[in-house]
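Student: Data file target_34.cif (mmCIF, C-alpha atoms and all ligand atoms) is appended below.
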```cif
data_query
loop_
_atom_site.label_atom_id
_atom_site.label_comp_id
_atom_site.auth_asym_id
_atom_site.auth_seq_id
_atom_site.Cartn_x
_atom_site.Cartn_y
_atom_site.Cartn_z
CA MET A 474 -18.67 19.89 19.96
CA ARG A 475 -17.36 16.73 18.37
CA THR A 476 -15.29 14.45 20.60
CA ARG A 477 -11.68 14.18 19.54
CA ASP A 478 -10.77 11.80 16.73
CA ARG A 479 -9.17 8.44 17.39
CA VAL A 480 -6.12 7.87 15.24
CA LEU A 481 -3.46 5.17 14.96
CA VAL A 482 -0.06 5.02 13.33
CA GLY A 483 1.41 1.78 12.06
CA HIS A 484 3.52 0.22 9.38
CA GLY A 485 4.22 -2.83 7.25
CA THR A 486 7.97 -3.27 6.68
CA GLU A 487 8.33 0.44 7.53
CA ASN A 488 5.89 1.62 4.87
CA ASP A 489 4.01 3.75 7.39
CA PHE A 490 0.46 5.02 7.61
CA VAL A 491 -1.85 7.21 9.61
CA VAL A 492 -4.96 5.09 10.24
CA LEU A 493 -8.37 6.69 10.81
CA PRO A 494 -11.07 4.39 12.22
CA ASP A 495 -14.36 5.54 10.71
CA PRO A 496 -16.60 2.43 10.73
CA ASP A 497 -19.84 4.29 10.05
CA GLY A 498 -18.42 6.87 7.67
CA ASP A 499 -19.49 9.84 9.77
CA ARG A 500 -16.13 10.96 11.16
CA TRP A 501 -14.02 11.40 8.02
CA PRO A 502 -16.32 12.10 5.05
CA GLU A 503 -14.64 13.22 1.81
CA ILE A 504 -15.27 16.86 2.63
CA ARG A 505 -13.22 16.59 5.83
CA LEU A 506 -10.57 14.11 4.61
CA ASP A 507 -9.59 16.25 1.65
CA ALA A 508 -6.12 16.30 0.06
CA ALA A 509 -4.96 19.14 2.31
CA MET A 510 -5.95 17.19 5.47
CA VAL A 511 -4.15 14.08 4.18
CA ARG A 512 -0.99 16.12 3.55
CA ARG A 513 -1.21 17.63 7.04
CA LEU A 514 -1.64 14.22 8.70
CA CYS A 515 1.29 12.76 6.71
CA ASP A 516 3.59 15.71 7.40
CA ARG A 517 6.54 14.28 9.38
CA ARG A 518 7.14 17.51 11.30
CA ALA A 519 3.81 19.30 11.66
CA GLY A 520 1.58 16.22 11.59
CA LEU A 521 1.81 12.57 12.60
CA GLY A 522 3.89 11.55 9.59
CA GLY A 523 3.31 8.73 7.12
CA ASP A 524 3.55 7.53 3.55
CA GLY A 525 -0.22 7.62 3.38
CA VAL A 526 -3.58 7.51 5.16
CA LEU A 527 -5.85 4.49 5.59
CA ARG A 528 -9.47 5.19 6.46
CA VAL A 529 -11.14 2.13 8.01
CA VAL A 530 -14.74 2.32 6.86
CA ARG A 531 -17.61 -0.02 5.96
CA SER A 532 -18.03 -0.31 2.19
CA VAL A 533 -21.67 0.82 2.36
CA HIS A 534 -20.46 4.27 3.45
CA VAL A 535 -18.04 4.76 0.52
CA PRO A 536 -19.76 6.51 -2.41
CA ASP A 537 -17.53 4.93 -5.11
CA ALA A 538 -17.58 1.39 -3.60
CA PRO A 539 -20.48 0.05 -5.73
CA ALA A 540 -18.69 1.09 -8.93
CA VAL A 541 -15.32 -0.44 -8.00
CA LEU A 542 -16.66 -3.57 -6.26
CA GLY A 543 -19.71 -4.44 -8.39
CA ASP A 544 -21.26 -7.75 -7.27
CA ALA A 545 -18.47 -8.18 -4.69
CA LEU A 546 -19.90 -5.30 -2.61
CA ASP A 547 -21.96 -7.75 -0.54
CA ARG A 548 -18.98 -9.83 0.52
CA CYS A 549 -16.74 -6.83 1.33
CA GLU A 550 -18.02 -5.45 4.64
CA TRP A 551 -14.91 -3.27 4.98
CA PHE A 552 -13.22 -0.87 2.57
CA MET A 553 -9.58 0.24 2.65
CA ASP A 554 -9.88 3.90 1.71
CA HIS A 555 -6.21 4.64 0.93
CA ARG A 556 -4.60 8.00 0.15
CA ASN A 557 -0.99 8.72 -0.75
CA ALA A 558 0.90 11.30 1.33
CA ASP A 559 0.30 13.96 -1.35
CA GLY A 560 -3.47 13.48 -0.97
CA SER A 561 -4.00 11.46 -4.16
CA LEU A 562 -6.09 8.28 -4.20
CA ALA A 563 -4.42 4.96 -5.03
CA GLU A 564 -6.16 1.82 -6.21
CA MET A 565 -4.20 -0.60 -4.09
CA CYS A 566 -1.64 -0.79 -1.29
CA GLY A 567 -0.12 -4.15 -0.33
CA ASN A 568 1.47 -3.06 2.94
CA GLY A 569 -1.47 -0.86 3.83
CA VAL A 570 -4.09 -3.56 3.33
CA ARG A 571 -2.27 -5.90 5.77
CA LEU A 572 -2.11 -3.11 8.34
CA PHE A 573 -5.80 -2.44 7.64
CA LEU A 574 -6.72 -6.01 8.60
CA HIS A 575 -4.49 -5.86 11.67
CA VAL A 576 -6.27 -2.67 12.79
CA LEU A 577 -9.71 -4.26 12.25
CA VAL A 578 -8.58 -7.01 14.65
CA THR A 579 -6.86 -4.81 17.25
CA GLU A 580 -9.72 -2.27 17.28
CA GLY A 581 -12.20 -5.09 17.93
CA LEU A 582 -14.01 -4.60 14.61
CA LEU A 583 -13.24 -8.14 13.39
CA ASP A 584 -12.55 -11.37 15.23
CA ARG A 585 -9.05 -12.67 14.46
CA ALA A 586 -10.46 -16.21 14.20
CA ALA A 587 -12.72 -15.00 11.38
CA CYS A 588 -9.61 -14.14 9.32
CA ALA A 589 -8.10 -17.63 9.43
CA ASP A 590 -9.65 -18.64 6.11
CA GLY A 591 -9.51 -15.17 4.64
CA VAL A 592 -11.89 -12.23 4.50
CA TRP A 593 -12.77 -10.02 1.56
CA VAL A 594 -11.91 -6.32 1.75
CA GLY A 595 -12.91 -3.67 -0.76
CA THR A 596 -10.29 -1.41 -2.36
CA ARG A 597 -10.38 0.99 -5.31
CA GLY A 598 -8.52 -1.74 -7.23
CA GLY A 599 -11.38 -4.18 -6.56
CA PRO A 600 -12.05 -6.84 -3.92
CA ARG A 601 -9.06 -8.56 -2.29
CA ARG A 602 -8.98 -11.65 -0.04
CA LEU A 603 -6.65 -11.45 2.93
CA GLY A 604 -6.01 -13.19 6.20
CA ALA A 605 -3.90 -13.64 9.30
CA GLY A 606 -1.12 -16.22 9.44
CA ALA A 607 -0.39 -18.34 12.52
CA ASP A 608 3.01 -16.60 12.87
CA GLY A 609 1.51 -13.12 13.37
CA THR A 610 2.03 -12.06 9.76
CA TYR A 611 -0.75 -11.20 7.33
CA TRP A 612 -1.28 -12.28 3.72
CA VAL A 613 -3.20 -10.80 0.83
CA ASP A 614 -4.00 -12.26 -2.56
CA MET A 615 -3.56 -9.46 -5.10
CA GLY A 616 -4.84 -11.57 -7.98
CA PRO A 617 -2.73 -12.02 -11.09
CA ALA A 618 -0.14 -9.45 -12.14
CA ARG A 619 -1.08 -7.88 -15.47
CA GLU A 620 1.82 -7.05 -17.77
CA PHE A 621 1.19 -4.19 -20.22
CA GLY A 622 4.44 -3.61 -22.06
CA ARG A 623 8.01 -2.49 -21.53
CA GLY A 624 9.11 0.98 -20.53
CA SER A 625 11.94 2.94 -19.04
CA ALA A 626 12.56 5.45 -16.28
CA GLU A 627 15.34 7.92 -15.74
CA VAL A 628 16.66 8.04 -12.19
CA ALA A 629 19.28 10.68 -11.38
CA GLY A 630 20.29 10.87 -15.04
CA ARG A 631 20.47 7.06 -15.52
CA ARG A 632 18.08 5.11 -17.67
CA PHE A 633 16.51 1.86 -16.43
CA GLU A 634 14.46 -0.49 -18.60
CA GLY A 635 11.64 -2.51 -17.07
CA LEU A 636 8.31 -4.30 -17.32
CA ALA A 637 5.09 -2.34 -16.97
CA VAL A 638 2.99 -4.33 -14.49
CA SER A 639 -0.39 -3.60 -12.97
CA MET A 640 -1.15 -4.93 -9.49
CA GLY A 641 -4.33 -2.83 -9.53
CA ASN A 642 -1.95 0.15 -9.45
CA PRO A 643 0.80 0.83 -12.02
CA HIS A 644 4.43 -0.26 -11.67
CA LEU A 645 7.60 -0.19 -13.71
CA ALA A 646 9.72 -3.10 -12.43
CA CYS A 647 13.34 -2.66 -13.55
CA LEU A 648 15.89 -5.44 -13.04
CA THR A 649 19.38 -3.98 -12.82
CA ASP A 650 22.97 -4.79 -11.89
CA ALA A 651 23.45 -1.25 -10.59
CA ASP A 652 24.56 -0.71 -6.99
CA LEU A 653 21.15 0.02 -5.41
CA ASP A 654 22.68 1.72 -2.38
CA ALA A 655 24.42 4.28 -4.57
CA LEU A 656 21.24 5.43 -6.36
CA ASP A 657 19.74 8.80 -5.53
CA LEU A 658 15.97 8.32 -5.44
CA THR A 659 15.11 11.68 -3.92
CA ALA A 660 13.76 13.14 -7.18
CA GLN A 661 10.72 11.96 -9.14
CA PRO A 662 12.01 9.55 -11.85
CA ARG A 663 11.19 10.60 -15.43
CA PHE A 664 8.84 8.12 -17.08
CA ASP A 665 6.82 7.59 -20.25
CA ALA A 666 3.52 9.38 -19.63
CA GLU A 667 1.87 7.62 -22.59
CA LEU A 668 2.50 4.20 -21.02
CA PHE A 669 1.66 5.49 -17.53
CA PRO A 670 -0.98 8.23 -17.92
CA GLU A 671 -1.88 7.99 -14.21
CA GLY A 672 1.75 8.04 -13.02
CA VAL A 673 3.81 5.07 -11.89
CA ASN A 674 5.62 3.43 -8.98
CA VAL A 675 9.21 2.65 -10.05
CA GLU A 676 11.04 -0.39 -8.61
CA LEU A 677 14.78 -0.92 -9.06
CA ILE A 678 15.56 -4.56 -8.43
CA THR A 679 18.66 -6.70 -8.10
CA VAL A 680 18.41 -10.48 -8.21
CA LEU A 681 20.26 -12.13 -5.30
CA ARG A 682 19.19 -15.68 -6.22
CA ALA A 683 17.55 -16.36 -9.57
CA PRO A 684 14.36 -18.44 -9.73
CA ALA A 685 15.31 -22.13 -9.91
CA GLU A 686 13.49 -25.40 -9.29
CA GLY A 687 13.45 -26.41 -5.65
CA ALA A 688 14.58 -23.09 -4.15
CA ASP A 689 12.92 -19.74 -3.52
CA ALA A 690 14.19 -16.86 -5.57
CA HIS A 691 15.56 -13.87 -3.65
CA ILE A 692 15.58 -10.26 -4.78
CA ARG A 693 16.22 -6.85 -3.31
CA LEU A 694 14.53 -3.59 -4.26
CA ARG A 695 14.27 0.11 -3.76
CA VAL A 696 11.16 1.96 -4.81
CA HIS A 697 10.01 5.46 -5.68
CA GLU A 698 6.26 5.60 -5.09
CA ARG A 699 3.76 7.64 -7.00
CA GLY A 700 2.31 10.31 -4.72
CA VAL A 701 4.88 9.74 -1.97
CA GLY A 702 8.58 9.62 -2.98
CA GLU A 703 11.06 6.96 -1.94
CA THR A 704 9.54 4.68 0.69
CA ARG A 705 11.05 1.93 2.86
CA SER A 706 8.80 -0.68 1.27
CA CYS A 707 5.99 -1.17 -1.23
CA GLY A 708 3.87 -4.33 -1.13
CA THR A 709 2.43 -4.03 -4.62
CA GLY A 710 5.94 -3.09 -5.78
CA ALA A 711 7.28 -6.31 -4.24
CA CYS A 712 4.61 -8.28 -6.17
CA ALA A 713 5.45 -6.52 -9.45
CA ALA A 714 9.17 -7.07 -8.84
CA ALA A 715 8.66 -10.77 -8.05
CA TYR A 716 6.64 -11.17 -11.24
CA ALA A 717 9.36 -9.40 -13.28
CA ALA A 718 12.16 -11.53 -11.74
CA LEU A 719 10.25 -14.73 -12.54
CA ALA A 720 9.44 -13.54 -16.08
CA ASP A 721 13.10 -12.70 -16.66
CA ALA A 722 13.94 -16.34 -15.84
CA GLY A 723 11.18 -17.61 -18.12
CA ALA A 724 8.98 -18.64 -15.17
CA THR A 725 5.35 -17.79 -14.53
CA ALA A 726 5.08 -19.15 -10.98
CA GLY A 727 7.23 -19.49 -7.89
CA THR A 728 8.08 -18.07 -4.49
CA VAL A 729 10.20 -14.96 -4.26
CA VAL A 730 11.70 -13.52 -1.07
CA VAL A 731 11.83 -9.74 -1.39
CA ASP A 732 14.18 -7.62 0.72
CA VAL A 733 13.19 -3.98 0.99
CA PRO A 734 14.95 -1.26 3.01
CA GLY A 735 12.35 -1.73 5.77
CA GLY A 736 12.38 -5.52 6.07
CA ARG A 737 11.38 -8.67 4.21
CA LEU A 738 8.27 -9.72 2.28
CA THR A 739 7.43 -12.99 0.55
CA VAL A 740 5.51 -13.27 -2.69
CA ASP A 741 3.98 -16.50 -4.05
CA VAL A 742 3.11 -16.15 -7.71
CA GLY A 743 0.64 -18.69 -9.12
CA PRO A 744 -1.35 -18.86 -12.36
CA ASP A 745 -4.16 -16.62 -11.06
CA THR A 746 -2.85 -15.44 -7.73
CA THR A 747 -0.12 -13.25 -6.26
CA VAL A 748 0.01 -13.80 -2.51
CA LEU A 749 1.98 -11.22 -0.53
CA ARG A 750 2.99 -12.05 3.06
CA GLY A 751 4.55 -9.82 5.68
CA PRO A 752 4.22 -8.12 9.05
CA ALA A 753 1.87 -5.37 10.15
CA VAL A 754 2.47 -3.34 13.30
CA VAL A 755 0.40 -0.74 15.17
CA VAL A 756 2.90 1.67 16.74
CA ALA A 757 0.59 3.97 18.68
CA ALA A 758 -3.03 4.95 19.15
CA GLY A 759 -4.49 8.16 20.51
CA GLU A 760 -6.51 11.22 19.61
CA LEU A 761 -6.05 14.20 17.37
CA THR A 762 -6.24 17.34 19.45
CA ALA A 763 -8.73 20.12 18.90
CA GLU A 764 -5.73 22.48 18.81
CA TRP A 765 -4.21 20.67 15.82
CA LEU A 766 -7.59 20.32 14.13
CA GLY A 767 -8.16 24.05 14.46
CA GLU A 768 -11.31 23.58 16.50
CA PRO A 769 -12.31 25.31 19.75
CA VAL A 770 -9.97 24.10 22.50
CA PRO A 771 -11.96 22.91 25.54
CA GLY A 772 -11.37 25.11 28.61
CA SER A 773 -9.77 28.02 26.75
N1 LIG B 801 2.95 1.43 -0.56
C1 LIG B 801 1.92 0.78 -1.25
C2 LIG B 801 1.45 1.39 -2.54
C3 LIG B 801 0.72 2.70 -2.29
C4 LIG B 801 0.11 3.31 -3.53
C5 LIG B 801 1.11 3.82 -4.53
N2 LIG B 801 1.93 4.89 -4.02
C6 LIG B 801 0.36 4.26 -5.78
O1 LIG B 801 0.07 5.45 -5.93
O2 LIG B 801 0.04 3.40 -6.60
C7 LIG B 801 2.04 -0.72 -1.25
O3 LIG B 801 2.50 -1.25 -0.22
O4 LIG B 801 1.61 -1.37 -2.19
#
```
Can you present the structure in this file as structure tokens?
Ligand SMILES: N[C@@H](CCC[C@H](N)C(=O)O)C(=O)O
Tutor:
Amino acid sequence: MRTRDRVLVGHGTENDFVVLPDPDGDRWPEIRLDAAMVRRLCDRRAGLGGDGVLRVVRSVHVPDAPAVLGDALDRCEWFMDHRNADGSLAEMCGNGVRLFLHVLVTEGLLDRAACADGVWVGTRGGPRRLGAGADGTYWVDMGPAREFGRGSAEVAGRRFEGLAVSMGNPHLACLTDADLDALDLTAQPRFDAELFPEGVNVELITVLRAPAEGADAHIRLRVHERGVGETRSCGTGACAAAYAALADAGATAGTVVVDVPGGRLTVDVGPDTTVLRGPAVVVAAGELTAEWLGEPVPGS
């Protein structure tokens, strides 16, 4: 009988994840980590609860890694195999990838000193460089934001216009003067399926301090995530929102402080880079029980 499975729960600005260490790819193959298992793990009452699952696996054990990483496969020892809470795959996760690096360090799979200059990690959105800051936070360079038009979303009967931005995954970043606290984000926003054939993460953003020379811009956002629902934070959403706030002010670069319901992130937008910084926390570590897994219970 298989020994019980090690599992961790953690979060980045309260965007929370179930983390499954599977370095050699033999514990959680696709056939076992199917959509139904992801939904069970993320269930907040009958499972551990989370906005998604992160499988910590070496890239060589991920069947689709060569296709998504190409020549970068050699420099990406590790692969962040991310799933949304509904079981769907996502290309990228800005909060998850910081937690992923933190787990590599805390599980003894990577030396923290090795992250000082940055390490490459594989994702379905391509390779990403990330590292540990001296203050205990983590950073990730998402590469440049890619704008692909304007669109709109309907949230609780109200229409919001925004920029379509890819951070590897799709976003609609809507600047608004609406009272963010008063918005009901419980239902899936309606969106333009032609612009977003794979679905979209919708950010509603208010500008607290507009981008200006010599001072960081400051924005606040709420987000409805594809495959999850409203979450307390979204790292790629913060990057898309920072890009949209800068673009609205006619800027293409700058630092933007992003307040999310679960905390604070910082985004540095440069000509070819989007560097996201923020915390990552492991809350608990333990084992899944045979009882929950539906396997023979030892001693019974
Ligand atoms: N919370 C994440 C984004 C996770 C993926 C997203 N729901 C999608 O389907 O694109 C983040 O921190 O970026």
Student: Using all atoms listed in the file, which residue out of A:Arg548, A:Arg699, A:Arg623, A:Arg632 lies closest to A:Val592?
Tutor: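 Among the listed residues, the smallest separation from A:Val592 belongs to A:Arg548.
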Student: Just to confirm, what's the straight-line distance from atom CA of A:Arg500 to atom CA of A:Val756 in Å (one decimal)?
Tutor: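 Answer for the atom CA of A:Arg500 to atom CA of A:Val756 separation: 21.9 Å.
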Student: Neighbours of ligand LIG 801 (chain B) at 6 Å or closer, counting all atoms listed in the file: which residues, as a list of chain:residue names?
Tutor: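 These are the residues that qualify: A:Asn557, A:Ala563, A:Met565, A:Cys566, A:Gly567, A:Asn568, A:Gly569, A:Asn642, A:Glu698, A:Arg699, A:Gly700, A:Cys707, A:Gly708, A:Thr709, A:Gly710.
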Student: Please return, as an MDAnalysis selection string, all polymer residues that have at least one atom within 12 Å of the point (-18.3, -5.3, -9.0); use only C-alpha atoms and the file's own coordinate frame.
Tutor: chainID A and resid 537:549 595:601
Student: What is the distance, in Å and to one decimal place, between atom CA of A:Asp650 and atom CA of A:Gly687?
Tutor: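 Computing the Euclidean distance for atom CA of A:Asp650 and atom CA of A:Gly687 yields 24.4 Å.
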Student: What is the atom CA of A:Ala666-atom CA of A:Arg619 distance in Å, reported with one decimal?
Tutor: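 The value is 18.3 Å.
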Student: Find the spatial neighbours of A:Glu503, counting all atoms listed in the file, within a cut-off of 10 Å - ignore same-chain residues fewer than 4 positions away - and output them as a PyMOL selection string.
Tutor: chain A and resi 498-499+507-508+535-536
Student: With all atoms of stretch 740-757 of chain A from the file as input, state the centre and edge lengths in Å to one decimal of the axis-aligned box that has 4 Å extra on each side, as AutoDock Vina command-line options.
Tutor:
```
--center_x 0.7 --center_y -7.4 --center_z 3.2 --size_x 17.7 --size_y 30.8 --size_z 39.0
```
Student: Which of these, A:Ala715, A:Ser706, A:Leu527, A:Gly727, has the shortest distance to A:Glu686 once you count all atoms listed in the file?
Tutor: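 Answer, going by the shortest atom-to-atom distance: A:Gly727.
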Student: With only C-alpha atoms as the basis for distance, which of A:Pro662, A:Pro496, A:Gly522, A:Gly604 is at the shortest distance from A:Glu627?
Tutor: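 Smallest distance to A:Glu627 is found for A:Pro662.
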Student: Output stretch 669-680 of chain A with all heavy atoms present, as a PDB file, in the frame of the given file.
Tutor:
```pdb
ATOM      1  N   PHE A 669       2.157   5.349 -18.908  1.00  0.00           N
ATOM      2  CA  PHE A 669       1.660   5.490 -17.530  1.00  0.00           C
ATOM      3  C   PHE A 669       0.917   6.816 -17.367  1.00  0.00           C
ATOM      4  O   PHE A 669       1.400   7.739 -16.704  1.00  0.00           O
ATOM      5  CB  PHE A 669       2.829   5.427 -16.536  1.00  0.00           C
ATOM      6  CG  PHE A 669       3.622   4.156 -16.585  1.00  0.00           C
ATOM      7  CD1 PHE A 669       4.917   4.147 -17.105  1.00  0.00           C
ATOM      8  CD2 PHE A 669       3.097   2.965 -16.102  1.00  0.00           C
ATOM      9  CE1 PHE A 669       5.659   2.981 -17.145  1.00  0.00           C
ATOM     10  CE2 PHE A 669       3.828   1.795 -16.146  1.00  0.00           C
ATOM     11  CZ  PHE A 669       5.110   1.800 -16.664  1.00  0.00           C
ATOM     12  N   PRO A 670      -0.275   6.938 -17.978  1.00  0.00           N
ATOM     13  CA  PRO A 670      -0.980   8.230 -17.920  1.00  0.00           C
ATOM     14  C   PRO A 670      -1.369   8.647 -16.502  1.00  0.00           C
ATOM     15  O   PRO A 670      -1.554   9.833 -16.234  1.00  0.00           O
ATOM     16  CB  PRO A 670      -2.220   7.992 -18.791  1.00  0.00           C
ATOM     17  CG  PRO A 670      -2.359   6.509 -18.905  1.00  0.00           C
ATOM     18  CD  PRO A 670      -1.001   5.922 -18.740  1.00  0.00           C
ATOM     19  N   GLU A 671      -1.496   7.672 -15.600  1.00  0.00           N
ATOM     20  CA  GLU A 671      -1.880   7.990 -14.210  1.00  0.00           C
ATOM     21  C   GLU A 671      -0.675   8.049 -13.287  1.00  0.00           C
ATOM     22  O   GLU A 671      -0.824   8.006 -12.070  1.00  0.00           O
ATOM     23  CB  GLU A 671      -2.848   6.920 -13.660  1.00  0.00           C
ATOM     24  CG  GLU A 671      -4.026   6.568 -14.547  1.00  0.00           C
ATOM     25  CD  GLU A 671      -5.010   7.731 -14.656  1.00  0.00           C
ATOM     26  OE1 GLU A 671      -5.003   8.587 -13.755  1.00  0.00           O
ATOM     27  OE2 GLU A 671      -5.762   7.765 -15.638  1.00  0.00           O
ATOM     28  N   GLY A 672       0.549   8.076 -13.847  1.00  0.00           N
ATOM     29  CA  GLY A 672       1.750   8.040 -13.020  1.00  0.00           C
ATOM     30  C   GLY A 672       2.164   6.598 -12.748  1.00  0.00           C
ATOM     31  O   GLY A 672       1.469   5.650 -13.148  1.00  0.00           O
ATOM     32  N   VAL A 673       3.291   6.426 -12.065  1.00  0.00           N
ATOM     33  CA  VAL A 673       3.810   5.070 -11.890  1.00  0.00           C
ATOM     34  C   VAL A 673       4.675   4.971 -10.630  1.00  0.00           C
ATOM     35  O   VAL A 673       5.282   5.945 -10.206  1.00  0.00           O
ATOM     36  CB  VAL A 673       4.620   4.640 -13.145  1.00  0.00           C
ATOM     37  CG1 VAL A 673       5.872   5.486 -13.338  1.00  0.00           C
ATOM     38  CG2 VAL A 673       4.977   3.160 -13.106  1.00  0.00           C
ATOM     39  N   ASN A 674       4.692   3.777 -10.061  1.00  0.00           N
ATOM     40  CA  ASN A 674       5.620   3.430  -8.980  1.00  0.00           C
ATOM     41  C   ASN A 674       6.804   2.739  -9.659  1.00  0.00           C
ATOM     42  O   ASN A 674       6.592   1.821 -10.461  1.00  0.00           O
ATOM     43  CB  ASN A 674       4.948   2.472  -8.000  1.00  0.00           C
ATOM     44  CG  ASN A 674       3.683   3.061  -7.402  1.00  0.00           C
ATOM     45  OD1 ASN A 674       3.746   3.936  -6.539  1.00  0.00           O
ATOM     46  ND2 ASN A 674       2.518   2.623  -7.880  1.00  0.00           N
ATOM     47  N   VAL A 675       8.023   3.189  -9.361  1.00  0.00           N
ATOM     48  CA  VAL A 675       9.210   2.650 -10.050  1.00  0.00           C
ATOM     49  C   VAL A 675      10.028   1.797  -9.080  1.00  0.00           C
ATOM     50  O   VAL A 675      10.455   2.282  -8.024  1.00  0.00           O
ATOM     51  CB  VAL A 675      10.084   3.797 -10.607  1.00  0.00           C
ATOM     52  CG1 VAL A 675      11.346   3.246 -11.269  1.00  0.00           C
ATOM     53  CG2 VAL A 675       9.289   4.641 -11.600  1.00  0.00           C
ATOM     54  N   GLU A 676      10.213   0.514  -9.432  1.00  0.00           N
ATOM     55  CA  GLU A 676      11.040  -0.390  -8.610  1.00  0.00           C
ATOM     56  C   GLU A 676      12.367  -0.655  -9.318  1.00  0.00           C
ATOM     57  O   GLU A 676      12.383  -0.966 -10.514  1.00  0.00           O
ATOM     58  CB  GLU A 676      10.347  -1.749  -8.394  1.00  0.00           C
ATOM     59  CG  GLU A 676       9.171  -1.692  -7.452  1.00  0.00           C
ATOM     60  CD  GLU A 676       7.878  -1.279  -8.119  1.00  0.00           C
ATOM     61  OE1 GLU A 676       7.674  -1.664  -9.290  1.00  0.00           O
ATOM     62  OE2 GLU A 676       7.077  -0.554  -7.505  1.00  0.00           O
ATOM     63  N   LEU A 677      13.451  -0.550  -8.566  1.00  0.00           N
ATOM     64  CA  LEU A 677      14.780  -0.920  -9.060  1.00  0.00           C
ATOM     65  C   LEU A 677      15.182  -2.166  -8.282  1.00  0.00           C
ATOM     66  O   LEU A 677      15.188  -2.171  -7.040  1.00  0.00           O
ATOM     67  CB  LEU A 677      15.755   0.232  -8.832  1.00  0.00           C
ATOM     68  CG  LEU A 677      15.303   1.502  -9.566  1.00  0.00           C
ATOM     69  CD1 LEU A 677      16.090   2.707  -9.114  1.00  0.00           C
ATOM     70  CD2 LEU A 677      15.412   1.328 -11.081  1.00  0.00           C
ATOM     71  N   ILE A 678      15.486  -3.216  -9.028  1.00  0.00           N
ATOM     72  CA  ILE A 678      15.560  -4.560  -8.430  1.00  0.00           C
ATOM     73  C   ILE A 678      16.876  -5.233  -8.782  1.00  0.00           C
ATOM     74  O   ILE A 678      17.276  -5.255  -9.953  1.00  0.00           O
ATOM     75  CB  ILE A 678      14.415  -5.436  -9.021  1.00  0.00           C
ATOM     76  CG1 ILE A 678      13.065  -4.745  -8.869  1.00  0.00           C
ATOM     77  CG2 ILE A 678      14.407  -6.833  -8.406  1.00  0.00           C
ATOM     78  CD1 ILE A 678      12.106  -5.011 -10.030  1.00  0.00           C
ATOM     79  N   THR A 679      17.532  -5.807  -7.792  1.00  0.00           N
ATOM     80  CA  THR A 679      18.660  -6.700  -8.100  1.00  0.00           C
ATOM     81  C   THR A 679      18.270  -8.111  -7.689  1.00  0.00           C
ATOM     82  O   THR A 679      17.578  -8.318  -6.678  1.00  0.00           O
ATOM     83  CB  THR A 679      19.967  -6.294  -7.383  1.00  0.00           C
ATOM     84  OG1 THR A 679      19.722  -6.241  -5.990  1.00  0.00           O
ATOM     85  CG2 THR A 679      20.473  -4.952  -7.852  1.00  0.00           C
ATOM     86  N   VAL A 680      18.716  -9.079  -8.487  1.00  0.00           N
ATOM     87  CA  VAL A 680      18.410 -10.480  -8.210  1.00  0.00           C
ATOM     88  C   VAL A 680      19.561 -11.053  -7.380  1.00  0.00           C
ATOM     89  O   VAL A 680      20.716 -11.041  -7.796  1.00  0.00           O
ATOM     90  CB  VAL A 680      18.242 -11.271  -9.529  1.00  0.00           C
ATOM     91  CG1 VAL A 680      18.028 -12.756  -9.244  1.00  0.00           C
ATOM     92  CG2 VAL A 680      17.075 -10.703 -10.327  1.00  0.00           C
TER      93      VAL A 680
END
```
